[in-house]
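Quick look at protein16.tsv (TSV, N, CA and C atoms):
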chain	number	residue	atom	x	y	z
A	1	MET	N	0.84	-1.18	0.00
A	1	MET	CA	0.00	0.00	0.00
A	1	MET	C	0.89	1.24	0.00
A	2	ALA	N	0.55	2.20	-0.82
A	2	ALA	CA	1.34	3.43	-0.92
A	2	ALA	C	1.10	4.32	0.29
A	3	THR	N	2.17	4.92	0.77
A	3	THR	CA	2.04	5.81	1.91
A	3	THR	C	1.56	7.18	1.45
A	4	LYS	N	1.11	7.96	2.39
A	4	LYS	CA	0.62	9.30	2.09
A	4	LYS	C	1.75	10.15	1.51
A	5	LYS	N	2.95	10.04	2.10
A	5	LYS	CA	4.09	10.82	1.64
A	5	LYS	C	4.44	10.45	0.20
A	6	TYR	N	4.40	9.15	-0.14
A	6	TYR	CA	4.71	8.71	-1.49
A	6	TYR	C	3.71	9.28	-2.49
A	7	LEU	N	2.46	9.28	-2.13
A	7	LEU	CA	1.43	9.82	-3.01
A	7	LEU	C	1.63	11.32	-3.22
A	8	GLU	N	2.06	12.03	-2.17
A	8	GLU	CA	2.34	13.47	-2.31
A	8	GLU	C	3.51	13.69	-3.26
A	9	ILE	N	4.55	12.87	-3.11
A	9	ILE	CA	5.75	13.02	-3.93
A	9	ILE	C	5.44	12.81	-5.40
A	10	GLN	N	4.57	11.89	-5.71
A	10	GLN	CA	4.22	11.62	-7.10
A	10	GLN	C	3.55	12.81	-7.78
A	11	GLU	N	2.91	13.66	-7.01
A	11	GLU	CA	2.21	14.81	-7.58
A	11	GLU	C	3.14	15.98	-7.91
A	12	PHE	N	4.36	15.97	-7.35
A	12	PHE	CA	5.30	17.05	-7.60
A	12	PHE	C	5.84	16.99	-9.02
A	13	ASN	N	6.16	18.16	-9.58
A	13	ASN	CA	6.88	18.16	-10.85
A	13	ASN	C	8.37	18.02	-10.54
A	14	ASP	N	9.21	17.96	-11.57
A	14	ASP	CA	10.63	17.67	-11.37
A	14	ASP	C	11.34	18.74	-10.54
A	15	ASP	N	11.04	20.01	-10.81
A	15	ASP	CA	11.69	21.09	-10.06
A	15	ASP	C	11.27	21.06	-8.58
A	16	GLU	N	10.00	20.87	-8.34
A	16	GLU	CA	9.52	20.80	-6.95
A	16	GLU	C	10.15	19.62	-6.22
A	17	LEU	N	10.33	18.53	-6.95
A	17	LEU	CA	10.93	17.33	-6.34
A	17	LEU	C	12.37	17.59	-5.93
A	18	LYS	N	13.13	18.26	-6.79
A	18	LYS	CA	14.52	18.57	-6.47
A	18	LYS	C	14.60	19.56	-5.30
A	19	ASN	N	13.70	20.53	-5.27
A	19	ASN	CA	13.68	21.48	-4.15
A	19	ASN	C	13.31	20.77	-2.85
A	20	GLU	N	12.36	19.86	-2.92
A	20	GLU	CA	11.95	19.11	-1.74
A	20	GLU	C	13.11	18.26	-1.22
A	21	LEU	N	13.86	17.66	-2.13
A	21	LEU	CA	15.02	16.86	-1.73
A	21	LEU	C	16.06	17.72	-1.04
A	22	LYS	N	16.33	18.88	-1.60
A	22	LYS	CA	17.32	19.77	-1.01
A	22	LYS	C	16.89	20.23	0.39
A	23	GLU	N	15.64	20.63	0.52
A	23	GLU	CA	15.13	21.09	1.82
A	23	GLU	C	15.13	19.97	2.85
A	24	THR	N	14.74	18.78	2.44
A	24	THR	CA	14.68	17.66	3.38
A	24	THR	C	16.08	17.27	3.83
A	25	GLU	N	17.05	17.28	2.91
A	25	GLU	CA	18.43	16.96	3.29
A	25	GLU	C	18.98	18.00	4.27
A	26	GLU	N	18.67	19.28	4.03
A	26	GLU	CA	19.12	20.33	4.95
A	26	GLU	C	18.49	20.14	6.33
A	27	GLN	N	17.20	19.86	6.38
A	27	GLN	CA	16.53	19.63	7.66
A	27	GLN	C	17.13	18.42	8.38
A	28	TYR	N	17.44	17.38	7.61
A	28	TYR	CA	18.02	16.18	8.20
A	28	TYR	C	19.38	16.47	8.82
A	29	LEU	N	20.21	17.23	8.11
A	29	LEU	CA	21.53	17.55	8.64
A	29	LEU	C	21.42	18.39	9.92
A	30	LYS	N	20.51	19.35	9.94
A	30	LYS	CA	20.30	20.17	11.14
A	30	LYS	C	19.82	19.32	12.30
A	31	LEU	N	18.87	18.44	12.03
A	31	LEU	CA	18.33	17.58	13.08
A	31	LEU	C	19.39	16.62	13.60
A	32	LYS	N	20.20	16.10	12.70
A	32	LYS	CA	21.27	15.18	13.09
A	32	LYS	C	22.30	15.90	13.97
A	33	PHE	N	22.63	17.12	13.60
A	33	PHE	CA	23.56	17.91	14.40
A	33	PHE	C	22.97	18.20	15.78
A	34	ASP	N	21.73	18.64	15.82
A	34	ASP	CA	21.06	18.92	17.10
A	34	ASP	C	21.01	17.67	17.98
A	35	HIS	N	20.77	16.54	17.37
A	35	HIS	CA	20.68	15.30	18.12
A	35	HIS	C	22.04	14.93	18.73
A	36	SER	N	23.12	15.18	17.98
A	36	SER	CA	24.44	14.84	18.51
A	36	SER	C	24.89	15.82	19.59
A	37	VAL	N	24.43	17.06	19.53
A	37	VAL	CA	24.85	18.07	20.50
A	37	VAL	C	24.02	18.00	21.78
A	38	LYS	N	22.71	18.08	21.64
A	38	LYS	CA	21.87	18.18	22.85
A	38	LYS	C	20.79	17.13	22.94
A	39	GLY	N	20.63	16.35	21.90
A	39	GLY	CA	19.58	15.34	21.91
A	39	GLY	C	18.28	15.91	21.35
A	40	VAL	N	17.47	15.05	20.85
A	40	VAL	CA	16.20	15.44	20.25
A	40	VAL	C	15.08	14.72	21.02
A	41	ASP	N	13.93	15.36	21.11
A	41	ASP	CA	12.80	14.76	21.83
A	41	ASP	C	12.40	13.42	21.22
A	42	ASN	N	12.35	13.36	19.90
A	42	ASN	CA	11.93	12.14	19.23
A	42	ASN	C	13.00	11.76	18.20
A	43	PRO	N	13.94	10.88	18.57
A	43	PRO	CA	15.00	10.51	17.63
A	43	PRO	C	14.52	9.70	16.43
A	44	LEU	N	13.29	9.21	16.48
A	44	LEU	CA	12.75	8.47	15.33
A	44	LEU	C	12.50	9.40	14.14
A	45	LEU	N	12.49	10.71	14.38
A	45	LEU	CA	12.36	11.66	13.28
A	45	LEU	C	13.53	11.53	12.31
A	46	LEU	N	14.70	11.21	12.84
A	46	LEU	CA	15.87	11.02	11.98
A	46	LEU	C	15.61	9.89	10.97
A	47	ARG	N	15.09	8.79	11.46
A	47	ARG	CA	14.79	7.65	10.59
A	47	ARG	C	13.74	8.03	9.55
A	48	ASP	N	12.70	8.73	9.98
A	48	ASP	CA	11.65	9.13	9.06
A	48	ASP	C	12.17	10.06	7.96
A	49	MET	N	13.07	10.96	8.34
A	49	MET	CA	13.62	11.89	7.35
A	49	MET	C	14.52	11.15	6.37
A	50	ARG	N	15.31	10.19	6.85
A	50	ARG	CA	16.14	9.39	5.95
A	50	ARG	C	15.27	8.64	4.95
A	51	ARG	N	14.17	8.12	5.43
A	51	ARG	CA	13.26	7.38	4.54
A	51	ARG	C	12.58	8.31	3.54
A	52	ASP	N	12.26	9.53	3.97
A	52	ASP	CA	11.68	10.50	3.04
A	52	ASP	C	12.68	10.85	1.94
A	53	ILE	N	13.94	11.03	2.32
A	53	ILE	CA	14.98	11.32	1.34
A	53	ILE	C	15.09	10.17	0.34
A	54	ALA	N	15.05	8.95	0.84
A	54	ALA	CA	15.12	7.78	-0.03
A	54	ALA	C	13.91	7.72	-0.97
A	55	ARG	N	12.73	8.06	-0.46
A	55	ARG	CA	11.53	8.07	-1.30
A	55	ARG	C	11.67	9.08	-2.44
A	56	ILE	N	12.18	10.25	-2.11
A	56	ILE	CA	12.32	11.30	-3.11
A	56	ILE	C	13.35	10.87	-4.16
A	57	ASN	N	14.50	10.33	-3.70
A	57	ASN	CA	15.52	9.87	-4.65
A	57	ASN	C	14.98	8.76	-5.54
A	58	THR	N	14.18	7.88	-5.00
A	58	THR	CA	13.60	6.80	-5.77
A	58	THR	C	12.67	7.34	-6.84
A	59	GLU	N	11.87	8.32	-6.50
A	59	GLU	CA	10.95	8.91	-7.47
A	59	GLU	C	11.71	9.63	-8.58
A	60	ILE	N	12.78	10.33	-8.22
A	60	ILE	CA	13.60	11.01	-9.23
A	60	ILE	C	14.18	9.99	-10.19
A	61	ARG	N	14.73	8.88	-9.66
A	61	ARG	CA	15.31	7.85	-10.50
A	61	ARG	C	14.26	7.18	-11.37
A	62	ARG	N	13.07	6.94	-10.82
A	62	ARG	CA	11.99	6.33	-11.60
A	62	ARG	C	11.62	7.19	-12.80
A	63	ARG	N	11.58	8.50	-12.57
A	63	ARG	CA	11.26	9.41	-13.67
A	63	ARG	C	12.37	9.45	-14.71
A	64	GLU	N	13.63	9.37	-14.25
A	64	GLU	CA	14.75	9.33	-15.20
A	64	GLU	C	14.64	8.09	-16.09
A	65	LEU	N	14.33	6.96	-15.50
A	65	LEU	CA	14.22	5.72	-16.27
A	65	LEU	C	13.03	5.76	-17.22
A	66	ASN	N	11.94	6.39	-16.82
A	66	ASN	CA	10.78	6.50	-17.70
A	66	ASN	C	11.06	7.39	-18.90
A	67	ASN	N	11.94	8.37	-18.73
A	67	ASN	CA	12.24	9.31	-19.81
A	67	ASN	C	13.41	8.85	-20.68
A	68	MET	N	14.02	7.72	-20.35
A	68	MET	CA	15.16	7.22	-21.11
A	68	MET	C	14.69	6.63	-22.44
A	69	PRO	N	15.48	6.84	-23.50
A	69	PRO	CA	15.13	6.22	-24.78
A	69	PRO	C	15.28	4.70	-24.72
A	70	GLU	N	14.59	4.01	-25.62
A	70	GLU	CA	14.58	2.55	-25.63
A	70	GLU	C	15.98	1.95	-25.81
A	71	GLU	N	16.81	2.58	-26.66
A	71	GLU	CA	18.16	2.05	-26.90
A	71	GLU	C	18.98	2.05	-25.63
A	72	GLU	N	18.88	3.13	-24.88
A	72	GLU	CA	19.64	3.25	-23.65
A	72	GLU	C	19.13	2.26	-22.60
A	73	LEU	N	17.82	2.06	-22.56
A	73	LEU	CA	17.27	1.07	-21.63
A	73	LEU	C	17.73	-0.34	-21.98
A	74	ALA	N	17.81	-0.64	-23.29
A	74	ALA	CA	18.25	-1.97	-23.71
A	74	ALA	C	19.71	-2.19	-23.33
A	75	SER	N	20.56	-1.20	-23.54
A	75	SER	CA	21.97	-1.36	-23.17
A	75	SER	C	22.11	-1.46	-21.66
A	76	ARG	N	21.27	-0.76	-20.94
A	76	ARG	CA	21.30	-0.82	-19.48
A	76	ARG	C	20.91	-2.21	-19.00
A	77	ALA	N	19.94	-2.83	-19.67
A	77	ALA	CA	19.52	-4.17	-19.29
A	77	ALA	C	20.65	-5.17	-19.52
A	78	LYS	N	21.42	-4.99	-20.59
A	78	LYS	CA	22.54	-5.89	-20.87
A	78	LYS	C	23.59	-5.77	-19.78
A	79	ILE	N	23.89	-4.57	-19.37
A	79	ILE	CA	24.88	-4.34	-18.31
A	79	ILE	C	24.41	-4.99	-17.02
A	80	ARG	N	23.15	-4.81	-16.69
A	80	ARG	CA	22.61	-5.39	-15.45
A	80	ARG	C	22.65	-6.91	-15.48
A	81	SER	N	22.37	-7.51	-16.64
A	81	SER	CA	22.39	-8.97	-16.72
A	81	SER	C	23.82	-9.50	-16.58
A	82	ARG	N	24.81	-8.78	-17.11
A	82	ARG	CA	26.20	-9.20	-16.94
A	82	ARG	C	26.61	-9.13	-15.49
A	83	ARG	N	26.15	-8.13	-14.77
A	83	ARG	CA	26.49	-7.99	-13.35
A	83	ARG	C	25.92	-9.13	-12.53
A	84	ARG	N	24.73	-9.60	-12.88
A	84	ARG	CA	24.08	-10.68	-12.14
A	84	ARG	C	24.83	-12.00	-12.31
A	85	LYS	N	25.46	-12.21	-13.46
A	85	LYS	CA	26.13	-13.47	-13.74
A	85	LYS	C	27.38	-13.66	-12.88
A	86	LYS	N	27.97	-12.58	-12.44
A	86	LYS	CA	29.23	-12.68	-11.68
A	86	LYS	C	29.03	-13.15	-10.29
Rewrite the coordinates I just gave you, this time as structure tokens.
Amino acid sequence: MATKKYLEIQEFNDDELKNELKETEEQYLKLKFDHSVKGVDNPLLLRDMRRDIARINTEIRRRELNNMPEEELASRAKIRSRRRKK
């Protein structure tokens, strides 16, 4: 089942998605610093923010793959199959 955050991310355009990633990473770094210095009330926020960053990166990559030409996707599939054989 898709989460609410994932559904929100899908509605963003590419520029909004990149801005959201930048803002979330900045917030994560600030929260991580605060947690190491004085502690945070809810340290699970760190985990949630890491997961949000991963969701955003996944959506960006999904869109890149959807916009890739067929030739590039075919060559990519060959590379991936060679990696699996090793």
Could you jot down the atom N of Ser75 in chain A to atom C of Arg62 in chain A separation for me, Å, one decimal place?
16.3 Å
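Taking CA of Asp14 in chain A and CA of Leu29 in chain A as endpoints, the distance between them is 22.8 Å.
Minimum atom-to-atom distances from A:Lys78, A:Arg63, A:Ser36, A:Asp52 to Glu23 in chain A were compared using only C-alpha atoms, and the lowest value belongs to A:Asp52.
Put simply, atom N of Ser81 in chain A is 20.4 Å away from atom C of Ile60 in chain A.
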Mind the document's chain letters and residue numbers, and return as an MDAnalysis selection string the residues of chain A that DSSP labels helix (DSSP H, G or I).
chainID A and resid 4:11 14:37 44:66 70:85
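Using only C-alpha atoms for every distance, the candidate list A:Ile56, A:Arg51, A:Leu44, A:Lys4 yields A:Ile56 as the residue closest to Glu16 in chain A.
Nearest residue to Leu31 in chain A, choosing from A:Ala77, A:Leu65, A:Leu46, A:Leu7 and counting all atoms listed in the file: A:Leu46.
If you measure from each of A:Arg55, A:Met49, A:Pro69, A:Arg80 to Ile9 in chain A using only N, CA and C atoms, the closest one turns out to be A:Arg55.
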